[in-house]
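The data block below is target-v1.csv; it holds CSV, C-alpha atoms and all ligand atoms.
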chain,number,residue,atom,x,y,z
A,1,MET,CA,44.6,133.4,166.2
A,2,ILE,CA,45.4,135.3,163.1
A,3,ASP,CA,47.5,138.2,164.4
A,4,LEU,CA,47.1,141.3,162.3
A,5,ARG,CA,48.0,143.8,165.1
A,6,SER,CA,51.4,144.6,163.5
A,7,ASP,CA,54.2,143.4,161.3
A,8,THR,CA,56.4,143.4,164.4
A,9,VAL,CA,54.8,140.1,165.7
A,10,THR,CA,56.7,137.9,163.2
A,11,GLN,CA,58.8,135.0,164.5
A,12,PRO,CA,62.3,134.5,163.2
A,13,THR,CA,62.2,131.8,160.5
A,14,ASP,CA,64.3,128.6,160.8
A,15,GLY,CA,66.8,130.0,158.2
A,16,MET,CA,67.1,133.2,160.2
A,17,ARG,CA,67.7,131.4,163.5
A,18,ALA,CA,70.4,129.3,161.8
A,19,ALA,CA,72.1,132.4,160.6
A,20,MET,CA,71.9,133.9,164.0
A,21,ALA,CA,73.3,130.8,165.7
A,22,SER,CA,76.3,130.6,163.3
A,23,ALA,CA,77.2,134.3,163.2
A,24,PRO,CA,80.8,135.3,164.0
A,25,VAL,CA,80.6,137.9,166.8
A,26,GLY,CA,82.8,140.2,168.8
A,27,ASP,CA,82.3,143.2,171.2
A,28,ASP,CA,80.7,145.8,169.1
A,29,VAL,CA,81.4,148.6,171.6
A,30,PHE,CA,85.1,148.0,170.6
A,31,GLY,CA,84.0,147.8,167.0
A,32,ASP,CA,85.0,144.1,166.9
A,33,ASP,CA,81.8,142.5,165.7
A,34,PRO,CA,82.4,141.4,162.1
A,35,THR,CA,78.7,140.6,161.5
A,36,VAL,CA,77.6,144.1,162.7
A,37,ASN,CA,80.4,145.7,160.7
A,38,ALA,CA,79.3,143.8,157.6
A,39,LEU,CA,75.7,144.7,158.0
A,40,GLN,CA,76.5,148.4,158.6
A,41,ALA,CA,78.6,148.5,155.4
A,42,ARG,CA,76.0,146.7,153.4
A,43,ILE,CA,73.0,148.8,154.5
A,44,ALA,CA,74.9,152.0,154.0
A,45,ALA,CA,75.8,151.0,150.4
A,46,GLN,CA,72.3,149.7,149.7
A,47,LEU,CA,70.8,153.1,150.7
A,48,GLY,CA,73.5,155.1,149.0
A,49,LYS,CA,75.2,156.6,152.1
A,50,GLU,CA,78.7,156.6,153.5
A,51,ALA,CA,78.1,155.0,156.8
A,52,ALA,CA,75.5,153.2,159.0
A,53,LEU,CA,74.9,152.5,162.7
A,54,PHE,CA,73.1,149.3,163.9
A,55,VAL,CA,70.8,150.1,166.9
A,56,PRO,CA,68.3,148.1,168.9
A,57,THR,CA,65.1,150.0,167.9
A,58,GLY,CA,63.7,152.4,165.3
A,59,THR,CA,62.9,154.8,168.2
A,60,GLN,CA,66.6,154.9,169.1
A,61,SER,CA,67.6,155.1,165.5
A,62,ASN,CA,65.4,158.2,164.9
A,63,LEU,CA,66.5,159.8,168.1
A,64,CYS,CA,70.2,159.3,167.3
A,65,GLY,CA,69.5,160.9,163.9
A,66,LEU,CA,67.5,163.8,165.3
A,67,MET,CA,70.2,164.5,168.0
A,68,ALA,CA,73.0,164.2,165.5
A,69,HIS,CA,71.4,166.9,163.4
A,70,CYS,CA,70.0,169.2,166.0
A,71,GLN,CA,71.6,170.8,169.0
A,72,ARG,CA,69.8,171.7,172.2
A,73,GLY,CA,67.2,174.4,171.6
A,74,GLU,CA,67.1,173.8,167.8
A,75,GLU,CA,64.0,172.6,166.2
A,76,TYR,CA,62.8,170.1,163.6
A,77,ILE,CA,59.7,170.3,161.4
A,78,VAL,CA,57.7,167.1,161.5
A,79,GLY,CA,54.2,165.8,160.8
A,80,GLN,CA,51.6,166.0,163.6
A,81,MET,CA,50.9,162.3,163.3
A,82,ALA,CA,54.5,161.3,162.5
A,83,HIS,CA,56.1,158.5,164.6
A,84,THR,CA,59.0,160.6,165.8
A,85,TYR,CA,56.6,163.3,167.1
A,86,ARG,CA,53.7,161.3,168.4
A,87,TRP,CA,54.8,157.7,169.1
A,88,GLU,CA,58.2,158.0,170.6
A,89,GLY,CA,57.4,159.3,174.0
A,90,GLY,CA,58.5,162.8,173.2
A,91,GLY,CA,62.2,161.6,173.2
A,92,ALA,CA,63.4,164.4,170.9
A,93,ALA,CA,62.2,167.0,173.4
A,94,VAL,CA,62.9,165.0,176.6
A,95,LEU,CA,66.3,163.5,175.8
A,96,GLY,CA,67.5,165.8,173.0
A,97,SER,CA,66.1,169.2,174.1
A,98,ILE,CA,65.0,169.5,170.5
A,99,GLN,CA,61.8,171.4,169.9
A,100,PRO,CA,59.5,169.7,167.5
A,101,GLN,CA,57.5,172.0,165.1
A,102,PRO,CA,54.6,169.7,164.2
A,103,LEU,CA,52.6,170.5,161.1
A,104,VAL,CA,49.2,169.0,160.1
A,105,GLN,CA,49.5,166.3,157.5
A,106,ALA,CA,47.3,165.8,154.5
A,107,ALA,CA,45.5,162.5,154.1
A,108,ASP,CA,48.4,161.1,152.1
A,109,GLY,CA,50.9,162.0,154.9
A,110,THR,CA,52.4,165.0,153.2
A,111,LEU,CA,53.1,168.3,154.9
A,112,SER,CA,52.2,171.2,152.6
A,113,LEU,CA,55.2,173.0,151.2
A,114,ALA,CA,53.7,176.4,152.1
A,115,ASP,CA,53.3,175.2,155.8
A,116,ILE,CA,56.9,174.0,155.8
A,117,GLU,CA,58.1,177.3,154.4
A,118,ALA,CA,56.0,179.3,156.9
A,119,ALA,CA,57.4,177.2,159.8
A,120,ILE,CA,61.1,177.9,159.0
A,121,LYS,CA,62.0,180.6,161.5
A,122,PRO,CA,64.1,183.7,160.5
A,123,ASP,CA,67.5,184.2,162.1
A,124,ASP,CA,66.3,186.2,165.0
A,125,ALA,CA,67.1,185.9,168.7
A,126,HIS,CA,63.4,185.3,169.5
A,127,PHE,CA,63.2,182.0,167.6
A,128,PRO,CA,64.7,178.6,167.9
A,129,ILE,CA,67.0,177.7,165.0
A,130,THR,CA,65.1,175.5,162.5
A,131,ARG,CA,67.6,172.8,161.6
A,132,LEU,CA,65.8,169.8,160.1
A,133,LEU,CA,62.8,168.5,158.1
A,134,ALA,CA,61.8,165.0,159.1
A,135,LEU,CA,59.5,163.0,156.8
A,136,GLU,CA,58.1,159.4,157.1
A,137,ASN,CA,57.8,156.8,154.4
A,138,THR,CA,55.7,154.7,154.4
A,139,TRP,CA,53.3,156.7,156.6
A,140,GLY,CA,50.3,154.7,157.8
A,141,GLY,CA,51.2,152.2,155.0
A,142,GLN,CA,51.0,155.0,152.4
A,143,VAL,CA,53.9,155.7,150.0
A,144,LEU,CA,55.0,159.3,149.8
A,145,PRO,CA,55.0,160.4,146.2
A,146,MET,CA,58.5,160.8,144.7
A,147,THR,CA,57.6,164.2,143.3
A,148,TYR,CA,56.7,165.3,146.8
A,149,ILE,CA,59.8,164.0,148.4
A,150,GLU,CA,61.9,165.8,145.8
A,151,ALA,CA,60.0,169.1,146.2
A,152,ALA,CA,60.0,169.0,150.1
A,153,CYS,CA,63.7,168.1,150.4
A,154,LYS,CA,64.6,170.7,147.7
A,155,LEU,CA,62.8,173.4,149.7
A,156,ALA,CA,64.4,172.3,152.9
A,157,ARG,CA,67.9,172.4,151.4
A,158,SER,CA,67.3,175.7,149.8
A,159,ARG,CA,66.6,177.1,153.2
A,160,GLY,CA,69.6,175.5,154.8
A,161,LEU,CA,67.8,172.7,156.6
A,162,ASN,CA,69.0,169.1,156.8
A,163,THR,CA,66.6,166.2,156.0
A,164,HIS,CA,65.8,163.0,157.9
A,165,LEU,CA,63.6,160.1,156.7
A,166,ASP,CA,61.9,157.8,159.2
A,167,GLY,CA,61.9,154.9,156.9
A,168,ALA,CA,60.8,152.2,159.4
A,169,ARG,CA,58.9,150.6,156.4
A,170,LEU,CA,61.1,152.0,153.6
A,171,PHE,CA,61.5,148.6,152.1
A,172,ASN,CA,57.7,148.4,151.8
A,173,ALA,CA,57.7,151.7,149.9
A,174,ALA,CA,60.5,150.5,147.6
A,175,VAL,CA,58.7,147.2,146.9
A,176,ALA,CA,55.4,149.0,146.2
A,177,SER,CA,57.1,151.0,143.5
A,178,GLY,CA,56.9,147.9,141.4
A,179,GLY,CA,60.4,148.4,139.8
A,180,PRO,CA,63.8,147.0,141.0
A,181,VAL,CA,63.9,147.4,144.7
A,182,ASN,CA,67.5,148.6,145.1
A,183,ALA,CA,67.0,151.3,142.5
A,184,ALA,CA,63.8,152.5,144.3
A,185,LEU,CA,65.7,152.6,147.7
A,186,LEU,CA,68.4,154.7,146.2
A,187,ASP,CA,65.9,156.9,144.5
A,188,ILE,CA,64.2,157.7,147.7
A,189,CYS,CA,67.2,158.0,150.0
A,190,GLN,CA,69.3,160.3,147.7
A,191,HIS,CA,67.1,163.2,148.9
A,192,PHE,CA,67.8,162.7,152.6
A,193,ASP,CA,70.9,163.4,154.8
A,194,SER,CA,69.9,160.5,157.1
A,195,VAL,CA,67.5,157.6,156.9
A,196,SER,CA,66.3,155.2,159.6
A,197,VAL,CA,65.2,151.7,158.6
A,198,CYS,CA,63.7,148.9,160.8
A,199,PHE,CA,64.6,145.3,160.3
A,200,SER,CA,62.0,144.2,162.9
A,201,LYS,CA,58.9,145.2,161.0
A,202,GLY,CA,57.9,143.6,157.7
A,203,LEU,CA,61.5,142.3,157.1
A,204,GLY,CA,60.9,139.9,160.0
A,205,ALA,CA,64.0,140.2,162.2
A,206,PRO,CA,63.4,140.0,165.9
A,207,VAL,CA,65.3,143.2,166.8
A,208,GLY,CA,67.2,146.0,165.1
A,209,SER,CA,67.2,149.1,163.0
A,210,ALA,CA,69.9,151.1,161.2
A,211,LEU,CA,70.6,154.8,160.8
A,212,VAL,CA,72.5,155.7,157.6
A,213,GLY,CA,74.1,159.0,156.6
A,214,SER,CA,77.5,160.7,156.1
A,215,LYS,CA,80.5,159.5,158.0
A,216,ALA,CA,80.5,162.7,160.1
A,217,LEU,CA,76.8,162.3,161.0
A,218,ILE,CA,77.1,158.6,161.9
A,219,ALA,CA,80.2,159.4,164.0
A,220,ARG,CA,78.0,161.8,166.1
A,221,ALA,CA,75.2,159.3,166.2
A,222,HIS,CA,77.6,156.6,167.4
A,223,ARG,CA,78.5,158.8,170.4
A,224,ILE,CA,74.8,159.5,171.1
A,225,ARG,CA,73.9,155.8,170.8
A,226,LYS,CA,76.3,155.0,173.6
A,227,MET,CA,74.8,157.8,175.7
A,228,LEU,CA,71.3,156.4,175.1
A,229,GLY,CA,72.3,153.0,176.3
A,230,GLY,CA,72.4,151.4,172.8
A,231,GLY,CA,76.0,150.2,172.8
A,232,MET,CA,75.6,146.5,172.4
A,233,ARG,CA,78.3,143.8,172.8
A,234,GLN,CA,78.0,140.6,170.7
A,235,ALA,CA,75.3,142.2,168.7
A,236,GLY,CA,76.3,140.2,165.6
A,237,VAL,CA,73.7,137.6,166.7
A,238,LEU,CA,71.1,140.3,166.0
A,239,ALA,CA,72.8,141.8,163.0
A,240,ALA,CA,72.8,138.3,161.4
A,241,ALA,CA,69.0,138.2,161.6
A,242,ALA,CA,68.9,141.6,159.9
A,243,THR,CA,71.3,140.5,157.2
A,244,TYR,CA,69.3,137.3,156.6
A,245,ALA,CA,66.1,139.5,156.3
A,246,LEU,CA,67.8,141.7,153.7
A,247,ASP,CA,69.0,138.6,151.7
A,248,HIS,CA,65.7,136.6,151.9
A,249,GLN,CA,62.7,138.6,153.0
A,250,VAL,CA,62.6,141.8,151.0
A,251,GLU,CA,61.0,140.7,147.7
A,252,ARG,CA,58.4,138.8,149.6
A,253,LEU,CA,56.9,142.0,151.0
A,254,ALA,CA,55.0,142.1,147.7
A,255,GLN,CA,53.1,139.1,149.1
A,256,ASP,CA,52.1,141.2,152.2
A,257,HIS,CA,50.9,144.0,150.0
A,258,ALA,CA,48.8,141.6,147.9
A,259,HIS,CA,47.3,140.1,151.1
A,260,ALA,CA,46.3,143.6,152.3
A,261,ARG,CA,44.6,144.2,148.9
A,262,LEU,CA,42.9,140.9,149.2
A,263,LEU,CA,41.7,141.8,152.7
A,264,ALA,CA,40.4,145.1,151.4
A,265,GLU,CA,38.5,143.5,148.5
A,266,GLY,CA,37.0,140.9,150.9
A,267,LEU,CA,35.5,143.7,153.1
A,268,ALA,CA,34.1,145.6,150.2
A,269,GLY,CA,30.4,146.3,150.3
A,270,LEU,CA,29.8,145.7,154.0
A,271,PRO,CA,27.4,148.3,155.4
A,272,GLY,CA,28.9,150.8,157.8
A,273,VAL,CA,32.4,149.8,156.8
A,274,ARG,CA,34.7,152.0,154.8
A,275,VAL,CA,38.0,150.5,153.7
A,276,VAL,CA,40.9,152.7,152.7
A,277,PRO,CA,42.5,151.0,149.7
A,278,PRO,CA,46.0,149.9,150.9
A,279,GLN,CA,49.2,150.8,149.1
A,280,THR,CA,51.4,148.4,151.1
A,281,ASN,CA,50.8,146.1,154.1
A,282,ILE,CA,48.6,148.2,156.4
A,283,LEU,CA,44.8,148.4,156.0
A,284,PHE,CA,42.7,151.0,157.8
A,285,VAL,CA,39.0,150.4,158.2
A,286,ASP,CA,36.6,153.2,159.2
A,287,LEU,CA,33.5,151.9,161.0
A,288,ALA,CA,30.1,153.6,161.5
A,289,PRO,CA,29.9,154.8,165.1
A,290,GLU,CA,27.4,152.1,166.1
A,291,LYS,CA,29.9,149.4,165.0
A,292,ALA,CA,32.9,150.6,166.8
A,293,PRO,CA,32.4,149.8,170.5
A,294,GLY,CA,34.1,146.6,171.6
A,295,VAL,CA,34.9,145.6,168.0
A,296,VAL,CA,38.6,144.8,168.7
A,297,GLN,CA,37.5,142.5,171.6
A,298,ARG,CA,34.8,140.8,169.5
A,299,LEU,CA,37.2,140.1,166.6
A,300,ALA,CA,39.9,138.8,169.0
A,301,ALA,CA,37.3,136.4,170.5
A,302,ALA,CA,36.6,135.2,167.0
A,303,GLY,CA,40.2,134.6,166.2
A,304,VAL,CA,41.4,137.8,164.5
A,305,ALA,CA,43.7,140.2,166.5
A,306,CYS,CA,44.0,143.8,165.3
A,307,THR,CA,44.3,147.2,166.8
A,308,GLY,CA,41.9,150.1,166.8
A,309,LEU,CA,43.2,153.3,168.3
A,310,TYR,CA,41.8,155.8,165.7
A,311,LYS,CA,40.5,153.3,163.1
A,312,LEU,CA,40.6,149.6,162.8
A,313,ARG,CA,44.2,148.7,161.7
A,314,LEU,CA,45.0,145.4,160.1
A,315,VAL,CA,48.6,144.6,159.2
A,316,THR,CA,49.8,141.8,157.0
A,317,HIS,CA,53.2,140.1,157.4
A,318,LEU,CA,55.5,137.1,157.0
A,319,ASP,CA,53.5,134.9,159.4
A,320,VAL,CA,50.1,135.4,157.7
A,321,SER,CA,49.3,133.1,154.8
A,322,THR,CA,46.8,133.5,152.0
A,323,ALA,CA,44.6,130.9,153.7
A,324,ASP,CA,44.8,133.0,156.9
A,325,ILE,CA,43.6,136.1,154.9
A,326,HIS,CA,40.6,134.2,153.6
A,327,ARG,CA,39.7,133.0,157.1
A,328,ALA,CA,40.2,136.6,158.4
A,329,ILE,CA,37.8,137.9,155.8
A,330,GLY,CA,35.2,135.4,156.9
A,331,VAL,CA,35.5,136.5,160.6
A,332,LEU,CA,35.5,140.2,159.7
A,333,ARG,CA,32.4,139.8,157.5
A,334,GLN,CA,30.6,138.1,160.3
A,335,HIS,CA,31.6,140.4,163.1
A,336,LEU,CA,31.9,143.9,161.6
B,401,LIG,C1,57.8,151.1,164.4
B,401,LIG,C2,58.2,152.4,163.9
B,401,LIG,C3,59.3,153.1,164.5
B,401,LIG,C4,60.0,152.7,165.7
B,401,LIG,O1,60.4,151.5,165.8
B,401,LIG,P1,60.6,150.7,167.2
B,401,LIG,O2,61.6,149.7,166.8
B,401,LIG,O3,59.3,150.1,167.6
B,401,LIG,O4,61.2,151.6,168.2
B,401,LIG,C5,59.6,154.4,163.9
B,401,LIG,N1,58.8,154.9,162.9
B,401,LIG,C6,57.8,154.2,162.4
B,401,LIG,C7,57.1,154.9,161.3
B,401,LIG,C8,57.4,153.0,162.9
B,401,LIG,O5,56.4,152.3,162.3

Translate this structure into structure tokens?
Amino acid sequence: MIDLRSDTVTQPTDGMRAAMASAPVGDDVFGDDPTVNALQARIAAQLGKEAALFVPTGTQSNLCGLMAHCQRGEEYIVGQMAHTYRWEGGGAAVLGSIQPQPLVQAADGTLSLADIEAAIKPDDAHFPITRLLALENTWGGQVLPMTYIEAACKLARSRGLNTHLDGARLFNAAVASGGPVNAALLDICQHFDSVSVCFSKGLGAPVGSALVGSKALIARAHRIRKMLGGGMRQAGVLAAAATYALDHQVERLAQDHAHARLLAEGLAGLPGVRVVPPQTNILFVDLAPEKAPGVVQRLAAAGVACTGLYKLRLVTHLDVSTADIHRAIGVLRQHL
């Protein structure tokens, strides 16, 4: 089976498993885990922030961030199809008592500046207090334009809002810039008060995300993480995997991006099949209505696993080789 359902399906590599097995550990709830502490210091510096918090999942990382920014009854502005709004079980509202103010996104994932402006509530007892703008990069595998990030964050700041980036696939965005990765990371993150990154997606770690921001923000998030049940003990075993991923599995994301482009090219010209050119490692395929029913099951039976909630979604990752991509193209051309 060629598993293109998500970049979360990767197996820890031998090198990663060895790093996990030999990691020095301690009780991280006491702040005693040297591997966690080193990872937190490293990812904070890499993303240009004062402090970081290692957490089990991206969902918890985003929620710690949202709750550290927003008090009960305050609101955050977010995309209608953004992960924190649509795909995290409504946690901001359920667990944080934070009101989301979702806005329709353009095809490239951006929220219009005019819509953001209009959604910011005046200081009036009728309204919730608008506290935060949350963006997502990459969104659906698309890289938010730098000029847009600058303009949206500038607008938010000028109106007294904080800014949060759901950067689950931030490293894909940085690699896609084509320049030096660390410079691209800093370029993007400088505009945000907090950023969440996942180690368990394209970077290939089995578990783990980090929230970065100011010392004061991370201190609040640390308290919230405990409340959410995210205080882990000898978590250095997991932090070692994330550190290994940062050391060895960042630059190779370019390979995943090339594989997604190869897949897109391989599907070109099929009748009733429209491929959205991929910018990173996620390829969306629109199918003519007559082709859609049962397609995910047919492809799985033929050896290609993918998902298809709104469109067919194919994700390249560490455990998919160039040969796998060529095989997948054959299967897709036969069964689409
Ligand atoms: C996967 C993902 C998350 C959450 O990560 P989990 O570790 O699955 O909770 C958040 N945002 C985006 C954009 C994601 O793709």

Within-10 Å residues of ligand LIG 401 (chain B), basis all atoms listed in the file, as a PyMOL selection string: chain A and resi 6-8+55-63+81-88+135-141+165-170+196-202+206-209

Do a neighbour search on region 102-117 of chain A at 6 Å with all atoms listed in the file, toss out local chain neighbours closer than 4 positions, and write the hits as a short mmCIF file (atom, residue, chain, number, x, y, z; two decimals) with C-alpha atoms, in the frame of the given file.
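In the end it all went to out-v8.cif:
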data_model
loop_
_atom_site.label_atom_id
_atom_site.label_comp_id
_atom_site.auth_asym_id
_atom_site.auth_seq_id
_atom_site.Cartn_x
_atom_site.Cartn_y
_atom_site.Cartn_z
CA ILE A 77 59.70 170.30 161.40
CA VAL A 78 57.70 167.10 161.50
CA GLY A 79 54.20 165.80 160.80
CA GLN A 80 51.60 166.00 163.60
#

May I have the residues at most 12 Å from (65.6, 129.6, 159.3) in the file's coordinates, counting all atoms listed in the file, as a list in words? Gln11, Pro12, Thr13, Asp14, Gly15, Met16, Arg17, Ala18, Ala19, Met20, Ala21, Ser22, Gly204, Ala205, Ala240, Ala241, Tyr244, Ala245, His248 and Gln249 of chain A

Please list as a ChimeraX atom specification every residue within 10 Å of Leu133 (chain A), counting all atoms listed in the file and excluding residues in the same chain fewer than 3 positions away. /A:66,75-79,101,116,120,130,152-153,155-157,161-165,192

In Å, with one decimal, what is the gap from CA of Met232 (chain A) to CA of Gln40 (chain A)?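 The value is 14.0 Å.
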
Atom pair CA of Met67 (chain A) / CA of Gly96 (chain A): separation (Å): 5.8 Å

Check the smallest atom-to-atom distance from each of A:Gly26, A:Pro34, A:Gly65, A:Gly231 to Asp193 (chain A) using only C-alpha atoms, then report the winner. A:Gly65

Mind dumping a table of every region 81-199 of chain A residue within 8 Å of region 271-282 of chain A, with the nearest atom pair and its distance in Å to one decimal, using all atoms listed in the file, sorted by chain and rising number, as CSV?
residue,atom,partner,partner_atom,distance
A:Gly140,CA,A:Ile282,CA,6.9
A:Gly141,CA,A:Ile282,CA,5.0
A:Gln142,CA,A:Gln279,CA,5.6
A:Val143,CA,A:Gln279,CA,6.8
A:Asn172,CA,A:Thr280,CA,6.3
A:Ala173,CA,A:Thr280,CA,7.2
A:Ala176,CA,A:Thr280,CA,6.4

Write out the residues from the selection above, keeping C-alpha atoms, as a PDB file, keeping the file's coordinate frame.
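Saved file out05.pdb follows:
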ATOM      1  CA  GLY A 140      50.300 154.700 157.800  1.00  0.00           C
ATOM      2  CA  GLY A 141      51.200 152.200 155.000  1.00  0.00           C
ATOM      3  CA  GLN A 142      51.000 155.000 152.400  1.00  0.00           C
ATOM      4  CA  VAL A 143      53.900 155.700 150.000  1.00  0.00           C
ATOM      5  CA  ASN A 172      57.700 148.400 151.800  1.00  0.00           C
ATOM      6  CA  ALA A 173      57.700 151.700 149.900  1.00  0.00           C
ATOM      7  CA  ALA A 176      55.400 149.000 146.200  1.00  0.00           C
TER       8      ALA A 176
END

For CA of Asn182 (chain A) and CA of Leu253 (chain A), determine how far apart the two atoms are, in Å to one decimal place. 13.8 Å

With only C-alpha atoms as the counted atoms, please give the residues lying no more than 10 Å from Gln234 (chain A), apart from itself and same-chain residues fewer than 6 positions off, as a PyMOL selection string. chain A and resi 23-29+32-36

Selection to disk with C-alpha atoms, as a CSV table (one decimal), in the coordinates of the input:
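The resulting file, result_21.csv, is shown below:
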chain,number,residue,atom,x,y,z
A,23,ALA,CA,77.2,134.3,163.2
A,24,PRO,CA,80.8,135.3,164.0
A,25,VAL,CA,80.6,137.9,166.8
A,26,GLY,CA,82.8,140.2,168.8
A,27,ASP,CA,82.3,143.2,171.2
A,28,ASP,CA,80.7,145.8,169.1
A,29,VAL,CA,81.4,148.6,171.6
A,32,ASP,CA,85.0,144.1,166.9
A,33,ASP,CA,81.8,142.5,165.7
A,34,PRO,CA,82.4,141.4,162.1
A,35,THR,CA,78.7,140.6,161.5
A,36,VAL,CA,77.6,144.1,162.7

Proximity to Ala183 (chain A) - best of A:Val9, A:Asp247, A:Gln46, A:Ile2, all atoms listed in the file: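 Between A:Val9, A:Asp247, A:Gln46, A:Ile2, the residue approaching Ala183 (chain A) most closely is A:Gln46.
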
Kindly indicate which residue among A:Arg5, A:Lys49, A:His335, A:His317 lies nearest to Ser214 (chain A), using all atoms listed in the file for the distances.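 Residue with the minimum atom-to-atom distance to Ser214 (chain A): A:Lys49.
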
Top pick for closest residue to Asn37 (chain A), considering A:Val181, A:Val320, A:Ala151, A:Ala239 and counting only C-alpha atoms: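 For Asn37 (chain A), the nearest of the given residues is A:Ala239.
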
Which residue of A:Met1, A:Ala41, A:Val315, A:Pro100 approaches Ala258 (chain A) most closely, using only C-alpha atoms: A:Val315

Counting only C-alpha atoms, which of A:Lys291, A:His259, A:Arg220, A:His126 gets nearest to Ser321 (chain A)?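 Selected residue with least distance to Ser321 (chain A): A:His259.
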